[in-house]
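Okay, run.pdb now, which holds PDB, C-alpha atoms:
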MODEL        1
ATOM      1  CA  MET I   1      78.372 111.686-116.361
ATOM      2  CA  LYS I   2      80.854 112.312-119.159
ATOM      3  CA  LYS I   3      79.970 115.999-119.217
ATOM      4  CA  ASN I   4      80.556 116.339-115.474
ATOM      5  CA  TYR I   5      83.826 114.395-115.743
ATOM      6  CA  LEU I   6      85.135 116.694-118.480
ATOM      7  CA  PHE I   7      84.114 119.700-116.396
ATOM      8  CA  TRP I   8      86.176 118.358-113.462
ATOM      9  CA  VAL I   9      89.220 117.923-115.712
ATOM     10  CA  ALA I  10      88.892 121.428-117.135
ATOM     11  CA  PHE I  11      88.421 122.881-113.654
ATOM     12  CA  CYS I  12      91.469 121.109-112.229
ATOM     13  CA  VAL I  13      93.673 122.150-115.152
ATOM     14  CA  THR I  14      92.537 125.756-114.720
ATOM     15  CA  VAL I  15      93.434 125.692-111.020
ATOM     16  CA  PHE I  16      96.899 124.248-111.670
ATOM     17  CA  LEU I  17      97.625 126.689-114.493
ATOM     18  CA  HIS I  18      96.674 129.583-112.247
ATOM     19  CA  GLY I  19      99.173 128.724-109.579
ATOM     20  CA  GLN I  20      98.071 126.026-107.183
ATOM     21  CA  GLY I  21     101.186 125.018-105.315
ATOM     22  CA  PHE I  22     102.342 121.905-103.495
ATOM     23  CA  GLU I  23     105.369 121.024-101.380
ATOM     24  CA  SER I  24     106.175 117.465-100.254
ATOM     25  CA  PHE I  25     109.830 118.178 -99.243
ATOM     26  CA  ILE I  26     111.154 115.632-101.699
ATOM     27  CA  ASN I  27     114.209 117.896-102.209
ATOM     28  CA  PHE I  28     114.748 118.632 -98.494
ATOM     29  CA  PRO I  29     118.342 117.439 -97.937
ATOM     30  CA  PRO I  30     118.732 116.451 -94.247
ATOM     31  CA  THR I  31     118.038 112.783 -93.489
ATOM     32  CA  GLY I  32     119.816 112.189 -90.171
ATOM     33  CA  GLY I  33     118.976 113.019 -86.576
ATOM     34  CA  SER I  34     120.974 116.262 -86.391
ATOM     35  CA  TYR I  35     119.421 119.688 -86.853
ATOM     36  CA  GLU I  36     120.672 121.624 -89.863
ATOM     37  CA  THR I  37     120.293 125.012 -91.538
ATOM     38  CA  GLY I  38     120.212 125.567 -95.290
ATOM     39  CA  THR I  39     118.096 125.875 -98.437
ATOM     40  CA  PHE I  40     116.496 123.576-101.013
ATOM     41  CA  LEU I  41     114.597 123.863-104.284
ATOM     42  CA  GLY I  42     110.862 123.674-103.681
ATOM     43  CA  GLN I  43     108.407 121.990-106.012
ATOM     44  CA  ASP I  44     107.118 125.454-106.924
ATOM     45  CA  ASP I  45     110.655 126.165-108.286
ATOM     46  CA  SER I  46     111.388 128.728-105.566
ATOM     47  CA  THR I  47     114.160 128.440-102.973
ATOM     48  CA  TRP I  48     112.917 127.373 -99.538
ATOM     49  CA  ALA I  49     115.019 128.000 -96.429
ATOM     50  CA  TYR I  50     115.154 126.214 -93.075
ATOM     51  CA  THR I  51     116.793 126.844 -89.704
ATOM     52  CA  GLN I  52     117.504 124.103 -87.146
ATOM     53  CA  CYS I  53     115.384 121.444 -88.876
ATOM     54  CA  ARG I  54     115.850 117.719 -89.509
ATOM     55  CA  GLY I  55     114.442 115.055 -91.825
ATOM     56  CA  ASP I  56     114.721 111.655 -90.125
ATOM     57  CA  ILE I  57     111.054 111.416 -89.030
ATOM     58  CA  SER I  58     108.491 111.452 -91.822
ATOM     59  CA  ILE I  59     104.769 111.482 -92.495
ATOM     60  CA  SER I  60     105.336 110.201 -96.015
ATOM     61  CA  GLU I  61     108.548 109.484 -97.920
ATOM     62  CA  LYS I  62     110.176 112.802 -96.917
ATOM     63  CA  SER I  63     109.077 115.452 -94.419
ATOM     64  CA  ILE I  64     110.570 118.352 -92.476
ATOM     65  CA  MET I  65     110.691 118.533 -88.679
ATOM     66  CA  LEU I  66     110.916 121.678 -86.557
ATOM     67  CA  GLY I  67     113.018 121.348 -83.424
ATOM     68  CA  ARG I  68     112.375 122.202 -79.782
ATOM     69  CA  SER I  69     114.559 124.486 -77.643
ATOM     70  CA  ARG I  70     116.820 125.303 -80.583
ATOM     71  CA  THR I  71     119.054 128.370 -80.911
ATOM     72  CA  PRO I  72     118.246 130.114 -83.175
ATOM     73  CA  GLN I  73     114.590 129.049 -83.056
ATOM     74  CA  SER I  74     113.636 126.369 -85.563
ATOM     75  CA  GLU I  75     111.629 127.523 -88.609
ATOM     76  CA  PHE I  76     111.269 127.094 -92.350
ATOM     77  CA  PHE I  77     109.791 129.268 -95.080
ATOM     78  CA  SER I  78     109.026 129.315 -98.776
ATOM     79  CA  GLY I  79     110.466 131.425-101.534
ATOM     80  CA  SER I  80     108.407 134.254-102.982
ATOM     81  CA  ILE I  81     104.950 133.218-104.224
ATOM     82  CA  ASN I  82     104.129 135.960-106.685
ATOM     83  CA  ASN I  83     100.510 135.107-107.521
ATOM     84  CA  GLY I  84      99.353 135.292-103.914
ATOM     85  CA  ILE I  85      97.451 132.704-101.884
ATOM     86  CA  GLY I  86      93.759 131.981-101.551
ATOM     87  CA  GLN I  87      93.856 129.036 -99.130
ATOM     88  CA  ILE I  88      96.452 126.712 -97.612
ATOM     89  CA  SER I  89      96.372 123.234 -96.047
ATOM     90  CA  PHE I  90      99.010 120.788 -94.764
ATOM     91  CA  ASN I  91      99.623 117.624 -92.735
ATOM     92  CA  PHE I  92     101.445 117.650 -89.395
ATOM     93  CA  MET I  93     102.420 115.223 -86.643
ATOM     94  CA  GLN I  94     103.636 115.433 -83.045
ATOM     95  CA  ALA I  95     107.055 113.735 -83.137
ATOM     96  CA  PHE I  96     107.883 113.337 -79.431
ATOM     97  CA  SER I  97     106.195 113.700 -76.037
ATOM     98  CA  THR I  98     105.777 117.507 -76.011
ATOM     99  CA  ASN I  99     102.582 118.848 -77.596
ATOM    100  CA  VAL I 100     102.549 120.801 -80.863
ATOM    101  CA  ASN I 101     101.812 124.541 -80.927
ATOM    102  CA  LEU I 102     102.704 125.661 -84.434
ATOM    103  CA  ASN I 103     102.111 129.031 -86.090
ATOM    104  CA  ILE I 104     101.619 129.604 -89.810
ATOM    105  CA  LEU I 105     102.758 133.030 -90.963
ATOM    106  CA  ILE I 106     102.223 134.936 -94.207
ATOM    107  CA  ASN I 107     104.829 137.664 -94.724
ATOM    108  CA  ASN I 108     105.734 137.252 -91.027
ATOM    109  CA  VAL I 109     102.139 137.811 -89.825
ATOM    110  CA  VAL I 110     100.450 134.908 -88.003
ATOM    111  CA  VAL I 111      97.406 133.680 -89.973
ATOM    112  CA  GLY I 112      96.852 130.245 -88.431
ATOM    113  CA  ASN I 113      97.804 127.850 -85.661
ATOM    114  CA  VAL I 114      97.658 124.074 -85.168
ATOM    115  CA  THR I 115      98.057 122.105 -81.943
ATOM    116  CA  SER I 116      98.128 118.562 -80.598
ATOM    117  CA  SER I 117      97.337 117.083 -77.211
ATOM    118  CA  SER I 118      99.326 113.921 -76.355
ATOM    119  CA  GLU I 119      98.839 112.683 -79.947
ATOM    120  CA  LEU I 120     102.267 111.191 -80.568
ATOM    121  CA  ASN I 121     102.813 109.987 -84.161
ATOM    122  CA  VAL I 122      99.209 110.802 -85.145
ATOM    123  CA  VAL I 123      99.020 112.431 -88.583
ATOM    124  CA  LYS I 124      96.620 115.366 -88.555
ATOM    125  CA  ASN I 125      95.476 117.842 -91.180
ATOM    126  CA  SER I 126      95.380 121.570 -90.627
ATOM    127  CA  GLY I 127      92.097 121.931 -92.477
ATOM    128  CA  VAL I 128      91.697 124.772 -94.945
ATOM    129  CA  ILE I 129      93.195 128.063 -93.737
ATOM    130  CA  ASN I 130      91.848 131.113 -95.561
ATOM    131  CA  ILE I 131      94.547 133.595 -96.590
ATOM    132  CA  ASN I 132      93.147 135.628 -99.530
ATOM    133  CA  GLN I 133      96.199 137.811 -99.966
ATOM    134  CA  LEU I 134      97.875 139.086-103.112
ATOM    135  CA  GLY I 135     101.540 138.359-103.791
ATOM    136  CA  PRO I 136     104.377 138.400-103.402
ATOM    137  CA  ILE I 137     103.998 136.103-100.395
ATOM    138  CA  THR I 138     106.242 134.013 -98.172
ATOM    139  CA  ILE I 139     104.823 131.119 -96.131
ATOM    140  CA  LYS I 140     106.581 130.481 -92.822
ATOM    141  CA  PHE I 141     106.167 127.736 -90.192
ATOM    142  CA  LYS I 142     107.431 128.419 -86.683
ATOM    143  CA  ASN I 143     106.615 127.177 -83.180
ATOM    144  CA  VAL I 144     104.891 129.723 -80.936
ATOM    145  CA  ASP I 145     107.674 129.305 -78.362
ATOM    146  CA  THR I 146     111.013 127.491 -78.280
ATOM    147  CA  SER I 147     109.603 125.108 -75.625
ATOM    148  CA  ASP I 148     106.840 123.821 -77.947
ATOM    149  CA  GLY I 149     107.171 120.268 -79.215
ATOM    150  CA  GLN I 150     108.943 118.926 -82.270
ATOM    151  CA  VAL I 151     106.499 118.883 -85.176
ATOM    152  CA  VAL I 152     106.731 117.139 -88.552
ATOM    153  CA  VAL I 153     105.172 119.007 -91.501
ATOM    154  CA  ASP I 154     104.369 117.616 -94.952
ATOM    155  CA  ASN I 155     102.173 117.935 -98.057
ATOM    156  CA  ILE I 156     101.617 121.692 -97.988
ATOM    157  CA  THR I 157      99.035 122.670-100.609
ATOM    158  CA  TRP I 158      97.944 126.197-101.481
ATOM    159  CA  SER I 159      95.752 127.865-104.067
ATOM    160  CA  ALA I 160      96.416 131.132-105.880
ATOM    161  CA  PHE I 161      94.706 134.323-104.764
ATOM    162  CA  GLY I 162      91.031 134.248-105.751
ATOM    163  CA  THR I 163      90.844 130.426-105.945
ATOM    164  CA  THR I 164      90.072 127.712-103.406
ATOM    165  CA  LEU I 165      91.278 124.269-102.433
ATOM    166  CA  SER I 166      87.844 122.758-103.025
ATOM    167  CA  ILE I 167      89.204 119.942-105.229
ATOM    168  CA  VAL I 168      91.478 118.695-102.441
ATOM    169  CA  LYS I 169      89.501 119.494 -99.278
ATOM    170  CA  ASN I 170      88.661 115.768 -98.937
ATOM    171  CA  GLN I 171      92.329 114.904 -99.386
ATOM    172  CA  ILE I 172      93.432 111.330 -98.739
ATOM    173  CA  GLU I 173      94.960 111.175 -95.264
ATOM    174  CA  GLY I 174      98.734 110.874 -95.362
ATOM    175  CA  PHE I 175      98.805 110.716 -99.158
ATOM    176  CA  ALA I 176     102.274 110.851-100.721
ATOM    177  CA  LEU I 177     103.445 110.657-104.327
ATOM    178  CA  TYR I 178     107.152 110.194-105.015
ATOM    179  CA  PRO I 179     109.618 110.856-106.477
ATOM    180  CA  ASN I 180     108.459 114.190-107.878
ATOM    181  CA  PRO I 181     110.068 115.322-110.164
ATOM    182  CA  ILE I 182     110.557 111.844-111.643
ATOM    183  CA  SER I 183     113.376 110.838-113.992
ATOM    184  CA  ASN I 184     113.402 107.013-114.139
ATOM    185  CA  GLY I 185     109.758 106.316-115.019
ATOM    186  CA  LYS I 186     109.041 104.612-111.669
ATOM    187  CA  LEU I 187     106.373 106.228-109.487
ATOM    188  CA  PHE I 188     105.154 105.283-106.008
ATOM    189  CA  MET I 189     102.127 106.214-103.912
ATOM    190  CA  SER I 190     101.281 105.690-100.271
ATOM    191  CA  SER I 191      98.651 106.730 -97.744
ATOM    192  CA  ASN I 192      97.751 105.993 -94.150
ATOM    193  CA  SER I 193      95.330 103.229 -95.158
ATOM    194  CA  ASN I 194      97.315 101.826 -98.133
ATOM    195  CA  VAL I 195      94.150 100.418 -99.750
ATOM    196  CA  ASN I 196      93.776 100.207-103.538
ATOM    197  CA  LYS I 197      93.617 103.486-105.422
ATOM    198  CA  GLN I 198      92.421 104.551-108.857
ATOM    199  CA  LEU I 199      95.142 106.610-110.537
ATOM    200  CA  GLU I 200      94.598 108.873-113.538
ATOM    201  CA  ILE I 201      97.165 111.154-115.168
ATOM    202  CA  TYR I 202      96.207 114.096-117.381
ATOM    203  CA  SER I 203      98.219 116.357-119.653
ATOM    204  CA  MET I 204      97.958 120.083-118.974
ATOM    205  CA  MET I 205      95.589 120.241-121.958
ATOM    206  CA  GLY I 206      93.156 118.020-120.058
ATOM    207  CA  LYS I 207      93.755 114.776-122.004
ATOM    208  CA  ARG I 208      93.847 111.580-119.945
ATOM    209  CA  VAL I 209      97.128 109.816-120.754
ATOM    210  CA  TYR I 210      97.231 107.086-118.085
ATOM    211  CA  SER I 211      94.738 105.164-115.942
ATOM    212  CA  GLN I 212      95.326 102.270-113.553
ATOM    213  CA  ASN I 213      94.043 100.662-110.357
ATOM    214  CA  VAL I 214      97.016 100.549-107.982
ATOM    215  CA  ASN I 215      97.502  98.528-104.815
ATOM    216  CA  GLY I 216      99.142  99.925-101.697
ATOM    217  CA  HIS I 217     102.755  99.011-102.533
ATOM    218  CA  GLU I 218     102.770  98.706-106.322
ATOM    219  CA  THR I 219     105.443 100.299-108.504
ATOM    220  CA  ILE I 220     103.798 102.431-111.195
ATOM    221  CA  ASP I 221     105.553 102.391-114.560
ATOM    222  CA  ILE I 222     104.996 105.656-116.441
ATOM    223  CA  SER I 223     108.148 105.441-118.560
ATOM    224  CA  LYS I 224     106.097 105.793-121.756
ATOM    225  CA  LEU I 225     105.013 109.331-120.862
ATOM    226  CA  ASN I 226     106.986 112.208-122.363
ATOM    227  CA  SER I 227     108.846 114.785-120.290
ATOM    228  CA  GLY I 228     106.626 117.612-119.079
ATOM    229  CA  ILE I 229     104.092 118.690-116.460
ATOM    230  CA  TYR I 230     101.049 116.528-115.745
ATOM    231  CA  MET I 231      98.135 116.503-113.345
ATOM    232  CA  ILE I 232      97.401 113.415-111.249
ATOM    233  CA  ARG I 233      94.024 112.481-109.782
ATOM    234  CA  VAL I 234      93.919 109.705-107.178
ATOM    235  CA  GLU I 235      90.729 108.268-105.715
ATOM    236  CA  GLU I 236      90.798 106.158-102.545
ATOM    237  CA  GLU I 237      87.378 104.966-101.396
ATOM    238  CA  ASP I 238      85.370 108.229-101.118
ATOM    239  CA  LYS I 239      88.367 110.593-101.010
ATOM    240  CA  ILE I 240      90.282 112.346-103.759
ATOM    241  CA  ALA I 241      93.770 113.849-103.956
ATOM    242  CA  THR I 242      95.265 115.809-106.845
ATOM    243  CA  ARG I 243      98.900 116.566-107.514
ATOM    244  CA  LYS I 244     101.078 118.184-110.127
ATOM    245  CA  LEU I 245     103.657 115.717-111.504
ATOM    246  CA  ILE I 246     106.880 116.722-113.266
ATOM    247  CA  ILE I 247     108.535 114.169-115.551
ATOM    248  CA  LYS I 248     112.116 115.001-116.517
TER     249      LYS I 248
ENDMDL
END
Would you encode the structure as structure tokens?
Amino acid sequence: MKKNYLFWVAFCVTVFLHGQGFESFINFPPTGGSYETGTFLGQDDSTWAYTQCRGDISISEKSIMLGRSRTPQSEFFSGSINNGIGQISFNFMQAFSTNVNLNILINNVVVGNVTSSSELNVVKNSGVININQLGPITIKFKNVDTSDGQVVVDNITWSAFGTTLSIVKNQIEGFALYPNPISNGKLFMSSNSNVNKQLEIYSMMGKRVYSQNVNGHETIDISKLNSGIYMIRVEEEDKIATRKLIIK
């Protein structure tokens, strides 16, 4: 058991060091009900851009929503991802009565599509979308047509070219970790079920530095950890989620 556990840690660290990315829109600025256009710093340290988007309806603590019948058409896209993409996955939700018909584009070429059918406020997962393309790459999200419904997007996860998302394919539904980056030592987690979770934090050298069983609404005090980049593993029942955590 210990041997397998150490293998998992080494494998996860290798994936993170080789460019697995994650975006939870924690730095996305709009919070009100008006559509805005602008940029924000992504969790991959690139500049993301958005057109006619809003942030008042969320899957987790913070999400981005594409509008309907907007001029110019609502969209958002990442900065340049230089190490390419192997696979990508994300959560989405139909925000109002019109069904979702959302395209995922890599360098402005459609590589995937997700839809909904009268599933208002139901959080869905895109599943794993195979990309397998070398960088530099830009990820874009855009409705197929301006008449398609408002869609909330969150928790985008991608792997570097040549790697997979196998460690997160059974991702906890609606899982959110915030704030990230963190500066006050107080961390929060949530999910659709909000049952107890086992939290473990690892240094980028693979050393476990924190372990705790956490209830659905508990504040997690990690103020004793030094500034730096860590890897988080969360287990909820039979599902696992992993995240990169930045402590300032």
Could you expand the PyMOL selection byres ((chain I and resi 112) around 9) into the explicit residues it covers here, written as a ChimeraX atom specification? /I:102-105,110-111,113-114,129-130
Pairwise distance for atom CA of I:Thr31 and atom CA of I:Phe76, rounded to one decimal in Å: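 Between atom CA of I:Thr31 and atom CA of I:Phe76 the gap is 15.9 Å.
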On this structure, which residues satisfy the PyMOL selection byres ((chain I and resi 224) around 10), written as a PyMOL selection string? chain I and resi 185+209-210+221-223+225-227
Evaluate the PyMOL selection byres ((chain I and resi 134-138) around 7) here and jot the selected residues down as a PyMOL selection string. chain I and resi 77-85+106-107+132-133+139-140+161
Could you name the residues that touch I:Arg243 at 8 Å or less, counting all atoms listed in the file, but leaving out those on the same chain fewer than 5 positions away, as a PyMOL selection string? chain I and resi 22+231-233
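Ranking I:Lys197, I:Lys207, I:Arg54, I:Arg68 by their shortest atom-to-atom distance to I:Ser147, with all atoms listed in the file included, puts I:Arg68 first.
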Show which residues sit within 12 Å of I:Pro179, as a VMD selection string. Count only C-alpha atoms, and ignore same-chain residues fewer than 6 positions away. chain I and resid 24 to 27 43 60 to 62 185 to 190 219 to 220 244 to 248
Atom CA of I:Thr164 to atom CA of I:Val128, straight-line distance in Å: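 It comes out at 9.1 Å.
Contact shell of I:Arg70 at 12 Å (all atoms listed in the file; same-chain neighbours under 5 positions omitted): Ser34, Tyr35, Glu36, Thr37, Thr51, Gln52, Cys53, Arg54, Glu75, Lys142, Asn143, Asp145, Thr146, Ser147, Asp148, Gly149 and Gln150 of chain I.
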Dump C-alpha atoms for the selected residues as an mmCIF file, keeping the file's coordinate frame?
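Saved to again.cif:
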data_model
loop_
_atom_site.group_PDB
_atom_site.id
_atom_site.type_symbol
_atom_site.label_atom_id
_atom_site.label_comp_id
_atom_site.auth_asym_id
_atom_site.auth_seq_id
_atom_site.Cartn_x
_atom_site.Cartn_y
_atom_site.Cartn_z
ATOM 1 C CA SER I 34 120.974 116.262 -86.391
ATOM 2 C CA TYR I 35 119.421 119.688 -86.853
ATOM 3 C CA GLU I 36 120.672 121.624 -89.863
ATOM 4 C CA THR I 37 120.293 125.012 -91.538
ATOM 5 C CA THR I 51 116.793 126.844 -89.704
ATOM 6 C CA GLN I 52 117.504 124.103 -87.146
ATOM 7 C CA CYS I 53 115.384 121.444 -88.876
ATOM 8 C CA ARG I 54 115.850 117.719 -89.509
ATOM 9 C CA GLU I 75 111.629 127.523 -88.609
ATOM 10 C CA LYS I 142 107.431 128.419 -86.683
ATOM 11 C CA ASN I 143 106.615 127.177 -83.180
ATOM 12 C CA ASP I 145 107.674 129.305 -78.362
ATOM 13 C CA THR I 146 111.013 127.491 -78.280
ATOM 14 C CA SER I 147 109.603 125.108 -75.625
ATOM 15 C CA ASP I 148 106.840 123.821 -77.947
ATOM 16 C CA GLY I 149 107.171 120.268 -79.215
ATOM 17 C CA GLN I 150 108.943 118.926 -82.270
#
Pairwise distance, atom CA of I:Ser211 with atom CA of I:Val234, equals 9.9 Å
Please determine, counting only C-alpha atoms, which residue among I:Asn91, I:Ser183, I:Thr47, I:Asn99 has the shortest atom-to-atom distance to I:Val152.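 Of I:Asn91, I:Ser183, I:Thr47, I:Asn99, the one nearest I:Val152 is I:Asn91, counting only C-alpha atoms.
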Of the listed residues I:Thr163, I:Ser203, I:Asn196, I:Ser191, that which approaches I:Gln87 most closely, counting only C-alpha atoms: I:Thr163
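Here the question is which of I:Gln94, I:Ser117, I:Glu237, I:Gly86 gets nearest to I:Gly162 using all atoms listed in the file, and that residue is I:Gly86.
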Output as a compact mmCIF listing (two decimals), keeping the file's coordinate frame: stretch 65-79 of chain I, completed with N, CA and C atoms.
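And here is the file that came out, selection04.txt:
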# COMPACT_ATOMS: atom_id res chain seq x y z
N MET I 65 111.05 118.47 -90.08
CA MET I 65 110.69 118.53 -88.68
C MET I 65 111.30 119.75 -88.02
N LEU I 66 110.47 120.54 -87.34
CA LEU I 66 110.92 121.68 -86.56
C LEU I 66 111.37 121.20 -85.19
N GLY I 67 112.47 121.77 -84.70
CA GLY I 67 113.02 121.35 -83.42
C GLY I 67 112.44 122.08 -82.24
N ARG I 68 112.79 121.61 -81.06
CA ARG I 68 112.38 122.20 -79.78
C ARG I 68 113.61 122.71 -79.05
N SER I 69 113.47 123.89 -78.43
CA SER I 69 114.56 124.49 -77.64
C SER I 69 115.84 124.62 -78.46
N ARG I 70 115.68 125.11 -79.70
CA ARG I 70 116.82 125.30 -80.58
C ARG I 70 117.23 126.78 -80.59
N THR I 71 118.53 127.01 -80.79
CA THR I 71 119.05 128.37 -80.91
C THR I 71 119.89 128.47 -82.18
N PRO I 72 119.48 129.31 -83.17
CA PRO I 72 118.25 130.11 -83.18
C PRO I 72 117.02 129.23 -83.27
N GLN I 73 115.83 129.82 -83.07
CA GLN I 73 114.59 129.05 -83.06
C GLN I 73 114.35 128.39 -84.41
N SER I 74 113.89 127.15 -84.36
CA SER I 74 113.64 126.37 -85.56
C SER I 74 112.48 126.96 -86.37
N GLU I 75 112.67 127.02 -87.71
CA GLU I 75 111.63 127.52 -88.61
C GLU I 75 111.97 127.12 -90.04
N PHE I 76 111.00 127.21 -90.92
CA PHE I 76 111.27 127.09 -92.35
C PHE I 76 110.27 127.95 -93.10
N PHE I 77 110.67 128.38 -94.31
CA PHE I 77 109.79 129.27 -95.08
C PHE I 77 110.03 129.11 -96.57
N SER I 78 109.00 129.46 -97.32
CA SER I 78 109.03 129.32 -98.78
C SER I 78 109.80 130.45 -99.42
N GLY I 79 110.03 130.30 -100.73
CA GLY I 79 110.47 131.43 -101.53
C GLY I 79 109.28 132.32 -101.83
